Amino acid sequence: MEKLSYAESTNMRYGRRRTRQELRTVAQALPFVLPGLILVCVFILYPMLKNIQISLSEYKIVEGKMDFVGFDNYKELFTEPQRRFWYAYRNNILYAVVTTPAIMLFGLIFAAMINSMKKNQVFFRTMYYLPVITSWIIVGLVFKYLFNGGNRGMVNYFIVDVLHLAPDYINWLKHEWTGNFVIWLLGIWKNIGWAMVIYLAGLQGIPNELYESAEIEGANAFQKFTKITFLLLRPTHFFLIVQLLIGSFNVFLQVLVLTGGDPQGRTSVLQYLLYDRSFSLFEFGQGAAIGLVTGISIFIVTVILNKFLRSEQY
């Protein structure tokens, strides 16, 4: 056998020593990491894999049977004559397109107003944030009363009886586009306070020296807002866009309370369709397929946003 040189033997000893040190480090860290890994496997990885399995099967929960059917659940979803899946997917996209800019716009306006106040900032922050912490069920029932289709609805009362803008009462929640409009309006109203708090934190992180320098240079209020405030809030804009677009795929309670997906699924969304297929029709395979499509959609949106709207440091 050929003898190893001194350098080679030294490298081998050093490599073995380094390996032992790394194993010792792993052994020391394992008791702290292992509980988290177990929880991730039990509550994230296993449900994800189980969901994929159910989406490819006809799952009879009462009998405990799961018959493999391949992609039949997806085919039935995508090709059903009523097109309920495509209406739900369309409504999720429309919800994101309509509510995200409105929430960000009003959140920024209210944050700038509160940030410029000398007194009572805490009071107004609390008042604007109250809708955020109020239950979706409660505010949904309030909106359902406001947009009641008969003469008992407050909106109809003002439009028809007070302002005389329409000849007859509008059945807001039973028509496709008026029902979607009420769902969007509720989403905007409830989330403005959250966006306001995020923007307020960003505004308070901008140094006052920048505004003072701009004022010395003769900049007016509009120029200071567009050239300093808006630009330096780019990381906040990015964060809000990501969170709001992802959140638009989780719309459920407002549809459940306000319209129930009527008429014929035209105001439904993916999460409500998942609920309806799984717990009303007991088609768990299709429900799991909807959940998987939703997860893939959220992943694609996140990747696109990170690629094209990556926040910049200032």
# chains A, B, ... in the order shown; residues from 1 in each chain; ligands from 1

$ closest_atom_pairs --of "segment 195-230 of chain A" --to "segment 103-111 of chain A" --cutoff "6 Å" --atoms "only C-alpha atoms" --output "tab-separated table"
residue	atom	partner	partner_atom	distance
A:Ala195	CA	A:Gly107	CA	4.9
A:Met196	CA	A:Gly107	CA	4.0
A:Tyr199	CA	A:Leu108	CA	5.9
A:Leu200	CA	A:Ala111	CA	5.0

$ write_last_selection --atoms "N, CA and C atoms" --output "PDB file, in the first residue's frame"
ATOM      1  N   ALA A 195     -54.010  48.845   6.451  1.00  0.00           N
ATOM      2  CA  ALA A 195     -53.057  49.511   5.560  1.00  0.00           C
ATOM      3  C   ALA A 195     -52.604  50.844   6.153  1.00  0.00           C
ATOM      4  N   MET A 196     -53.524  51.545   6.811  1.00  0.00           N
ATOM      5  CA  MET A 196     -53.187  52.825   7.440  1.00  0.00           C
ATOM      6  C   MET A 196     -52.106  52.653   8.500  1.00  0.00           C
ATOM      7  N   TYR A 199     -48.736  51.931   6.747  1.00  0.00           N
ATOM      8  CA  TYR A 199     -48.196  53.156   6.149  1.00  0.00           C
ATOM      9  C   TYR A 199     -47.736  54.132   7.224  1.00  0.00           C
ATOM     10  N   LEU A 200     -48.458  54.191   8.331  1.00  0.00           N
ATOM     11  CA  LEU A 200     -48.073  55.111   9.403  1.00  0.00           C
ATOM     12  C   LEU A 200     -46.713  54.743   9.965  1.00  0.00           C
TER      13      LEU A 200
END

$ closest_atom_pairs --of "segment 258-286 of chain A" --to "segment 62-69 of chain A" --cutoff "12 Å" --atoms "only C-alpha atoms" --output "tab-separated table"
residue	atom	partner	partner_atom	distance
A:Phe282	CA	A:Val62	CA	9.9
A:Glu283	CA	A:Met66	CA	11.8
A:Phe284	CA	A:Met66	CA	10.2
A:Gly285	CA	A:Met66	CA	9.3
A:Gln286	CA	A:Val69	CA	11.3

$ closest_residue --among "A:Gln254, A:Ala289, A:Phe308, A:Gly265" --to "Asn51 of chain A" --atoms "only C-alpha atoms"
A:Ala289

$ atom_distance --atom1 "atom CA of Thr126 of chain A" --atom2 "atom CA of Leu244 of chain A"
21.2 Å

$ closest_residue --among "A:Trp184, A:Phe147, A:Phe299, A:Phe85" --to "Thr100 of chain A" --atoms "only C-alpha atoms"
A:Trp184

$ atom_distance --atom1 "atom CA of Val257 of chain A" --atom2 "atom CA of Arg277 of chain A"
17.1 Å
